[in-house]
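Have a look at coords15.pdb; it's PDB, C-alpha atoms:
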```pdb
ATOM      1  CA  MET W  26      63.516 136.225  49.763
ATOM      2  CA  THR W  27      65.930 134.375  47.489
ATOM      3  CA  GLY W  28      64.388 132.319  44.697
ATOM      4  CA  LEU W  29      66.192 129.339  43.158
ATOM      5  CA  ALA W  30      65.245 127.190  40.159
ATOM      6  CA  PHE W  31      66.372 123.653  39.312
ATOM      7  CA  THR W  32      66.063 121.522  36.189
ATOM      8  CA  LEU W  33      65.339 117.810  36.723
ATOM      9  CA  PRO W  34      66.583 115.050  34.371
ATOM     10  CA  ASP W  35      63.212 114.937  32.583
ATOM     11  CA  GLY W  36      63.493 118.639  31.771
ATOM     12  CA  THR W  37      60.886 119.834  34.261
ATOM     13  CA  ARG W  38      61.648 122.834  36.443
ATOM     14  CA  ARG W  39      61.311 123.141  40.205
ATOM     15  CA  THR W  40      61.486 126.362  42.179
ATOM     16  CA  VAL W  41      62.141 127.150  45.816
ATOM     17  CA  THR W  42      61.726 130.358  47.757
ATOM     18  CA  VAL W  43      64.502 130.036  50.327
ATOM     19  CA  ARG W  44      63.214 130.693  53.830
ATOM     20  CA  ARG W  45      65.796 128.722  55.786
ATOM     21  CA  LEU W  46      69.432 127.889  55.004
ATOM     22  CA  LEU W  47      71.449 125.518  57.186
ATOM     23  CA  ASN W  48      75.072 124.422  56.900
ATOM     24  CA  ALA W  49      76.093 121.115  58.436
ATOM     25  CA  GLY W  50      79.620 120.865  59.750
ATOM     26  CA  TYR W  51      81.931 118.068  60.858
ATOM     27  CA  ALA W  52      79.407 115.733  59.261
ATOM     28  CA  GLY W  53      81.602 112.848  58.163
ATOM     29  CA  ARG W  54      80.115 109.409  58.681
ATOM     30  CA  SER W  55      83.566 108.223  59.742
ATOM     31  CA  GLN W  56      85.055 109.779  62.851
ATOM     32  CA  GLU W  57      88.455 109.469  61.170
ATOM     33  CA  ASP W  58      87.228 111.729  58.375
ATOM     34  CA  VAL W  59      85.813 114.177  60.916
ATOM     35  CA  ALA W  60      89.149 114.234  62.733
ATOM     36  CA  ALA W  61      90.950 114.865  59.430
ATOM     37  CA  HIS W  62      88.696 117.823  58.665
ATOM     38  CA  VAL W  63      89.175 119.216  62.179
ATOM     39  CA  ALA W  64      92.943 118.896  61.631
ATOM     40  CA  GLU W  65      92.688 120.724  58.274
ATOM     41  CA  LEU W  66      90.883 123.595  59.935
ATOM     42  CA  ALA W  67      93.238 123.600  62.918
ATOM     43  CA  GLU W  68      96.093 124.339  60.488
ATOM     44  CA  LEU W  69      94.172 127.508  59.617
ATOM     45  CA  GLY W  70      93.691 128.417  63.273
ATOM     46  CA  VAL W  71      90.103 127.206  63.636
ATOM     47  CA  PRO W  72      89.360 125.797  67.107
ATOM     48  CA  ALA W  73      87.856 122.320  67.352
ATOM     49  CA  PRO W  74      84.065 122.168  67.743
ATOM     50  CA  SER W  75      82.472 121.343  71.083
ATOM     51  CA  THR W  76      80.215 118.748  69.463
ATOM     52  CA  THR W  77      79.867 116.950  66.136
ATOM     53  CA  PRO W  78      78.040 117.034  63.860
ATOM     54  CA  ALA W  79      77.298 120.752  63.963
ATOM     55  CA  LEU W  80      74.534 122.735  62.284
ATOM     56  CA  TYR W  81      74.840 126.445  61.497
ATOM     57  CA  PRO W  82      71.926 128.720  60.510
ATOM     58  CA  VAL W  83      72.892 130.923  57.561
ATOM     59  CA  SER W  84      71.142 133.967  56.114
ATOM     60  CA  PRO W  85      68.788 132.650  53.395
ATOM     61  CA  TYR W  86      69.913 135.212  50.811
ATOM     62  CA  LEU W  87      73.326 133.512  50.776
ATOM     63  CA  ALA W  88      71.872 130.536  48.878
ATOM     64  CA  GLN W  89      72.879 131.536  45.351
ATOM     65  CA  GLN W  90      73.149 130.143  41.850
ATOM     66  CA  THR W  91      75.998 132.253  40.571
ATOM     67  CA  GLY W  92      79.188 132.072  38.575
ATOM     68  CA  THR W  93      80.938 134.769  40.620
ATOM     69  CA  VAL W  94      81.759 135.064  44.313
ATOM     70  CA  GLN W  95      83.204 138.319  45.598
ATOM     71  CA  ALA W  96      85.811 138.035  48.343
ATOM     72  CA  GLN W  97      87.246 140.694  50.641
ATOM     73  CA  HIS W  98      90.676 139.026  50.823
ATOM     74  CA  GLY W  99      92.657 136.022  49.603
ATOM     75  CA  LYS W 100      91.904 133.642  52.470
ATOM     76  CA  THR W 101      88.544 132.312  51.343
ATOM     77  CA  SER W 102      87.770 128.917  49.848
ATOM     78  CA  GLY W 103      84.988 126.540  48.933
ATOM     79  CA  GLU W 104      84.045 123.007  49.893
ATOM     80  CA  ALA W 105      82.458 120.258  47.790
ATOM     81  CA  GLU W 106      79.069 119.343  49.238
ATOM     82  CA  TRP W 107      75.601 118.142  48.364
ATOM     83  CA  ALA W 108      72.476 120.072  49.275
ATOM     84  CA  LEU W 109      68.978 119.027  50.252
ATOM     85  CA  VAL W 110      66.361 121.407  48.890
ATOM     86  CA  VAL W 111      62.706 121.277  49.906
ATOM     87  CA  ASP W 112      61.077 122.869  46.866
ATOM     88  CA  ASP W 113      57.884 124.892  46.721
ATOM     89  CA  THR W 114      55.820 121.715  46.221
ATOM     90  CA  GLY W 115      57.306 120.068  49.330
ATOM     91  CA  ASP W 116      59.366 117.589  47.296
ATOM     92  CA  VAL W 117      62.965 117.002  48.447
ATOM     93  CA  LEU W 118      65.666 117.536  45.828
ATOM     94  CA  LEU W 119      69.377 116.722  45.845
ATOM     95  CA  THR W 120      71.938 118.913  44.126
ATOM     96  CA  ALA W 121      75.605 119.921  44.191
ATOM     97  CA  ALA W 122      76.773 122.797  46.348
ATOM     98  CA  CYS W 123      79.929 124.645  47.331
ATOM     99  CA  ASP W 124      80.059 126.337  50.717
ATOM    100  CA  HIS W 125      82.397 129.292  50.185
ATOM    101  CA  THR W 126      83.870 130.306  53.526
ATOM    102  CA  ASP W 127      85.920 133.175  54.933
ATOM    103  CA  ARG W 128      88.856 131.323  56.505
ATOM    104  CA  GLU W 129      90.173 134.386  58.321
ATOM    105  CA  LEU W 130      86.840 134.960  60.037
ATOM    106  CA  GLU W 131      86.523 131.245  60.728
ATOM    107  CA  THR W 132      89.318 131.506  63.304
ATOM    108  CA  TYR W 133      87.007 133.742  65.356
ATOM    109  CA  GLY W 134      83.797 131.805  64.832
ATOM    110  CA  VAL W 135      82.641 129.170  62.336
ATOM    111  CA  ALA W 136      79.045 130.398  62.417
ATOM    112  CA  TRP W 137      80.242 133.915  61.556
ATOM    113  CA  SER W 138      82.364 132.684  58.675
ATOM    114  CA  LYS W 139      79.442 130.780  57.164
ATOM    115  CA  ASN W 140      77.535 134.050  56.920
ATOM    116  CA  ALA W 141      80.360 135.917  55.189
ATOM    117  CA  ALA W 142      80.135 134.262  51.750
ATOM    118  CA  PRO W 143      77.493 132.493  49.659
ATOM    119  CA  ASP W 144      76.549 128.850  49.406
ATOM    120  CA  VAL W 145      76.699 128.284  45.654
ATOM    121  CA  LEU W 146      74.207 125.729  44.331
ATOM    122  CA  ALA W 147      73.975 124.075  40.929
ATOM    123  CA  THR W 148      71.045 124.734  38.604
ATOM    124  CA  SER W 149      70.242 121.032  38.080
ATOM    125  CA  ALA W 150      68.902 118.601  40.668
ATOM    126  CA  TRP W 151      67.554 115.106  41.195
ATOM    127  CA  ARG W 152      64.528 114.091  43.210
ATOM    128  CA  LEU W 153      65.948 112.514  46.351
ATOM    129  CA  ASP W 154      63.570 109.572  46.015
ATOM    130  CA  ASP W 155      64.951 108.810  42.549
ATOM    131  CA  VAL W 156      68.507 108.243  43.827
ATOM    132  CA  ALA W 157      67.729 107.089  47.380
ATOM    133  CA  GLU W 158      68.745 103.464  46.775
ATOM    134  CA  ARG W 159      72.252 104.381  45.570
ATOM    135  CA  LEU W 160      73.121 107.505  47.534
ATOM    136  CA  ASP W 161      76.354 106.088  48.939
ATOM    137  CA  ALA W 162      77.669 105.417  45.433
ATOM    138  CA  LEU W 163      77.239 109.030  44.296
ATOM    139  CA  THR W 164      80.592 110.712  43.728
ATOM    140  CA  LEU W 165      81.595 114.134  45.016
ATOM    141  CA  ARG W 166      84.578 115.963  43.535
ATOM    142  CA  ALA W 167      86.015 119.470  43.461
ATOM    143  CA  TRP W 168      88.656 121.140  41.308
ATOM    144  CA  VAL W 169      90.430 124.467  41.732
ATOM    145  CA  ARG W 170      92.616 126.590  39.553
ATOM    146  CA  ASP W 171      94.360 129.915  39.782
ATOM    147  CA  ALA W 172      92.871 133.254  38.865
ATOM    148  CA  ASP W 173      92.537 134.294  35.219
ATOM    149  CA  ASP W 174      95.758 135.049  33.411
ATOM    150  CA  GLY W 175      94.533 138.466  32.368
ATOM    151  CA  ASP W 176      93.008 137.575  29.023
ATOM    152  CA  GLY W 177      89.740 139.071  30.206
ATOM    153  CA  ASP W 178      87.522 136.246  29.008
ATOM    154  CA  GLY W 179      85.941 135.740  32.443
ATOM    155  CA  ASP W 180      85.732 132.014  31.842
ATOM    156  CA  ASP W 181      85.002 130.092  35.055
ATOM    157  CA  ARG W 182      86.196 126.734  33.754
ATOM    158  CA  ALA W 183      89.559 125.296  32.772
ATOM    159  CA  GLY W 184      91.639 127.291  30.308
ATOM    160  CA  ASP W 185      93.197 130.101  32.342
ATOM    161  CA  GLY W 186      95.578 128.025  34.446
ATOM    162  CA  GLU W 187      95.987 124.419  35.393
ATOM    163  CA  GLU W 188      92.971 122.849  37.071
ATOM    164  CA  ARG W 189      93.758 120.647  40.077
ATOM    165  CA  LEU W 190      91.618 118.029  41.792
ATOM    166  CA  ILE W 191      91.257 119.072  45.431
ATOM    167  CA  GLN W 192      88.510 116.745  46.755
ATOM    168  CA  ASP W 193      87.555 113.263  45.585
ATOM    169  CA  GLY W 194      85.130 110.977  47.403
ATOM    170  CA  THR W 195      81.618 109.622  47.629
ATOM    171  CA  CYS W 196      78.502 110.472  49.565
ATOM    172  CA  ALA W 197      79.170 107.417  51.728
ATOM    173  CA  GLU W 198      81.769 109.544  53.525
ATOM    174  CA  LEU W 199      79.110 111.933  54.825
ATOM    175  CA  LEU W 200      76.117 111.543  57.077
ATOM    176  CA  ALA W 201      73.265 110.385  54.867
ATOM    177  CA  PRO W 202      70.458 112.699  53.758
ATOM    178  CA  ALA W 203      68.087 110.537  55.839
ATOM    179  CA  HIS W 204      69.937 111.658  58.974
ATOM    180  CA  TRP W 205      69.376 115.311  58.177
ATOM    181  CA  ILE W 206      65.774 114.758  57.119
ATOM    182  CA  ASP W 207      65.140 113.312  60.579
ATOM    183  CA  VAL W 208      66.863 116.332  62.139
ATOM    184  CA  LEU W 209      64.782 118.746  60.078
ATOM    185  CA  ARG W 210      61.587 116.892  60.908
ATOM    186  CA  GLU W 211      62.370 117.011  64.632
ATOM    187  CA  ARG W 212      63.040 120.752  64.382
ATOM    188  CA  GLY W 213      59.838 121.363  62.434
ATOM    189  CA  GLU W 214      61.864 122.552  59.452
ATOM    190  CA  LEU W 215      61.177 119.880  56.840
ATOM    191  CA  GLU W 216      59.005 122.232  54.842
ATOM    192  CA  PRO W 217      59.104 124.198  51.568
ATOM    193  CA  GLY W 218      61.889 126.757  51.502
ATOM    194  CA  THR W 219      64.462 124.819  53.534
ATOM    195  CA  VAL W 220      67.953 124.263  52.102
ATOM    196  CA  LEU W 221      70.541 122.190  53.982
ATOM    197  CA  ILE W 222      74.176 121.936  52.904
ATOM    198  CA  SER W 223      75.803 118.622  53.816
ATOM    199  CA  GLY W 224      79.260 119.362  55.158
ATOM    200  CA  THR W 225      82.298 118.297  53.190
ATOM    201  CA  ILE W 226      84.778 115.502  52.578
ATOM    202  CA  PRO W 227      88.520 115.829  53.322
ATOM    203  CA  MET W 228      90.730 117.757  50.956
ATOM    204  CA  LEU W 229      93.588 116.030  49.167
ATOM    205  CA  PRO W 230      97.012 116.833  50.620
ATOM    206  CA  GLY W 231      99.300 119.386  49.055
ATOM    207  CA  VAL W 232      96.717 121.380  47.105
ATOM    208  CA  ASP W 233      96.288 125.110  47.709
ATOM    209  CA  GLN W 234      92.631 125.746  48.513
ATOM    210  CA  PHE W 235      92.940 129.525  48.170
ATOM    211  CA  ALA W 236      92.250 129.490  44.449
ATOM    212  CA  GLY W 237      90.579 131.821  42.003
ATOM    213  CA  HIS W 238      88.174 129.245  40.550
ATOM    214  CA  TRP W 239      86.116 126.404  41.999
ATOM    215  CA  ARG W 240      84.261 123.588  40.273
ATOM    216  CA  VAL W 241      82.166 120.936  42.071
ATOM    217  CA  ARG W 242      80.555 117.841  40.563
ATOM    218  CA  LEU W 243      78.035 115.388  42.011
ATOM    219  CA  GLY W 244      77.991 112.225  39.905
ATOM    220  CA  ASP W 245      75.741 109.190  39.598
ATOM    221  CA  PRO W 246      77.809 106.263  38.224
ATOM    222  CA  ALA W 247      74.696 104.148  37.733
ATOM    223  CA  THR W 248      73.224 106.517  35.148
ATOM    224  CA  GLY W 249      76.237 108.577  34.093
ATOM    225  CA  ARG W 250      74.373 111.735  35.056
ATOM    226  CA  GLU W 251      76.256 114.604  36.656
ATOM    227  CA  ILE W 252      75.341 117.826  38.398
ATOM    228  CA  GLU W 253      77.990 120.513  38.261
ATOM    229  CA  LEU W 254      78.584 124.088  39.347
ATOM    230  CA  ALA W 255      81.525 126.404  38.748
ATOM    231  CA  TYR W 256      82.406 129.911  39.819
ATOM    232  CA  ARG W 257      85.307 132.330  39.969
ATOM    233  CA  VAL W 258      86.392 134.279  43.020
ATOM    234  CA  VAL W 259      86.654 138.018  42.383
ATOM    235  CA  PRO W 260      88.610 140.252  44.797
ATOM    236  CA  MET W 261      86.641 143.213  46.070
ATOM    237  CA  PRO W 262      88.180 146.693  45.907
ATOM    238  CA  GLU W 263      90.132 147.879  48.919
ATOM    239  CA  PRO W 264      87.938 149.740  51.413
ATOM    240  CA  ILE W 265      88.250 153.494  51.886
ATOM    241  CA  GLY W 266      88.480 154.613  55.478
TER     242      GLY W 266
END
```
Show the structure stored in the file as structure tokens.
Amino acid sequence: MTGLAFTLPDGTRRTVTVRRLLNAGYAGRSQEDVAAHVAELAELGVPAPSTTPALYPVSPYLAQQTGTVQAQHGKTSGEAEWALVVDDTGDVLLTAACDHTDRELETYGVAWSKNAAPDVLATSAWRLDDVAERLDALTLRAWVRDADDGDGDGDDRAGDGEERLIQDGTCAELLAPAHWIDVLRERGELEPGTVLISGTIPMLPGVDQFAGHWRVRLGDPATGREIELAYRVVPMPEPIG
């Protein structure tokens, strides 16, 4: 099983042995936002869902804390999201996540595409109870930039190309964690080892999502604290045969 570790603001560490990974989809609190996301995906050939919100089981090993995502082709991309994590003590944590998705495979089946690439999670987290009163004010942003320019430094942050803001919103745009906690409780899945990824906010127009680097930040304006992850997308070698 996959093991993850998170550092809380007070410096303590929490661990989780991932037994269950779920990806929410079409989870905007506003139906206008949901329609916008459906339209974004329709441009990529993804059929509209039969019901919203959706919830997709994902292989637990795909919950990763990594700086590198390997991709089989150039039509993959991430999404800025938050994640609920039920740690090994049963406490519920909130962190930043990026659901990297195979957009080619998504045209055949969203559930399949979710299992074709990892859900990247940050290494820091907050206790959900500690931010519960201001969840809607938390900010959620994502930046992309092109692949490295060949200098070989492997840096997964700005420096090898111009970084561009691709998503910019708040958690108020998504169904609240309380909604998903109720869903998990009803399913008997609100237990240690469960990780749920929130679904995403709309992308800004005119930005190419098929980028070589992704950075996602969950921010708390009330405290100035931020949780961030970043990774680069590495093309896999061409198959033989």
Near Thr37 in chain W, within 12 Å and counting all atoms listed in the file, which residues show up once chain neighbours fewer than 4 positions away are dropped, as a tab-separated table (two decimals) with C-alpha atoms, in the coordinates of the input?
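Wrote selection.tsv, looks like this:
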```tsv
chain	number	residue	atom	x	y	z
W	30	ALA	CA	65.24	127.19	40.16
W	31	PHE	CA	66.37	123.65	39.31
W	32	THR	CA	66.06	121.52	36.19
W	33	LEU	CA	65.34	117.81	36.72
W	149	SER	CA	70.24	121.03	38.08
W	150	ALA	CA	68.90	118.60	40.67
W	151	TRP	CA	67.55	115.11	41.20
W	152	ARG	CA	64.53	114.09	43.21
```
Pick from W:His204, W:His98, W:Arg38, W:Arg250, whichever lies nearest to Leu221 in chain W using only C-alpha atoms:
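Under the stated criterion, the closest residue is W:His204.
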CA of Glu104 in chain W to CA of Thr248 in chain W, distance in Å rounded to a single decimal:
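Between CA of Glu104 in chain W and CA of Thr248 in chain W the gap works out to 24.6 Å.
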Give one line per residue of range 90-122 of chain W that approaches range 48-51 of chain W to at most 12 Å, naming the two atoms of the closest pair and their distance in Å to one decimal, counting all atoms listed in the file; sort by chain then ascending residue number and deliver it as a tab-separated table.
```
residue	atom	partner	partner_atom	distance
W:Glu104	CA	W:Gly50	CA	11.0
W:Glu106	CA	W:Ala49	CA	9.8
W:Trp107	CA	W:Ala49	CA	10.5
W:Ala108	CA	W:Asn48	CA	9.2
W:Leu109	CA	W:Asn48	CA	10.5
W:Ala122	CA	W:Asn48	CA	10.8
```
Would you list the contacts of Ala136 in chain W as a PDB file with C-alpha atoms, in the frame of the given file, taking every protein, DNA or RNA residue within 12 Å and counting all atoms listed in the file, but skipping same-chain residues closer than 4 positions in sequence?
```pdb
ATOM      1  CA  LEU W  47      71.449 125.518  57.186  1.00  0.00           C
ATOM      2  CA  ASN W  48      75.072 124.422  56.900  1.00  0.00           C
ATOM      3  CA  ALA W  49      76.093 121.115  58.436  1.00  0.00           C
ATOM      4  CA  GLY W  50      79.620 120.865  59.750  1.00  0.00           C
ATOM      5  CA  VAL W  71      90.103 127.206  63.636  1.00  0.00           C
ATOM      6  CA  PRO W  74      84.065 122.168  67.743  1.00  0.00           C
ATOM      7  CA  ALA W  79      77.298 120.752  63.963  1.00  0.00           C
ATOM      8  CA  LEU W  80      74.534 122.735  62.284  1.00  0.00           C
ATOM      9  CA  TYR W  81      74.840 126.445  61.497  1.00  0.00           C
ATOM     10  CA  PRO W  82      71.926 128.720  60.510  1.00  0.00           C
ATOM     11  CA  VAL W  83      72.892 130.923  57.561  1.00  0.00           C
ATOM     12  CA  SER W  84      71.142 133.967  56.114  1.00  0.00           C
ATOM     13  CA  THR W 126      83.870 130.306  53.526  1.00  0.00           C
ATOM     14  CA  ASP W 127      85.920 133.175  54.933  1.00  0.00           C
ATOM     15  CA  ARG W 128      88.856 131.323  56.505  1.00  0.00           C
ATOM     16  CA  LEU W 130      86.840 134.960  60.037  1.00  0.00           C
ATOM     17  CA  GLU W 131      86.523 131.245  60.728  1.00  0.00           C
ATOM     18  CA  THR W 132      89.318 131.506  63.304  1.00  0.00           C
ATOM     19  CA  ASN W 140      77.535 134.050  56.920  1.00  0.00           C
ATOM     20  CA  ALA W 141      80.360 135.917  55.189  1.00  0.00           C
ATOM     21  CA  ALA W 142      80.135 134.262  51.750  1.00  0.00           C
TER      22      ALA W 142
END
```
Distance cut-off 8 Å, centre (65.9, 132.2, 46.6) in file coordinates, counting all atoms listed in the file: which residues qualify? Return them as a VMD selection string.
chain W and resid 26 to 29 41 to 44 85 to 86 88 to 89
Using 3 Å of padding on each side, determine the axis-aligned box around all atoms of range 222-226 of chain W present in the file and give its centre and edge lengths in Å to one decimal, as JSON.
```
{"center_x": 79.5, "center_y": 118.7, "center_z": 53.9, "size_x": 16.6, "size_y": 12.4, "size_z": 8.6}
```
So what do you get for CA of Gly231 in chain W versus CA of Leu160 in chain W, distance-wise?
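Here the two named atoms are 28.8 Å from each other.
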What does the structure give for the distance between CA of Val208 in chain W and CA of Ala167 in chain W, in Å to one decimal?
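Computed distance, CA of Val208 in chain W to CA of Ala167 in chain W, equals 26.9 Å.
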Range 192-203 of chain W environment, 6 Å, only C-alpha atoms, sequence neighbours closer than 5 positions dropped, as a list in words
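Near range 192-203 of chain W, the qualifying residues are Ala52, Gly53, Arg54, Asp161, Leu163, Thr164, Leu165, Arg166, Ala167, Met228 and Leu229 of chain W.
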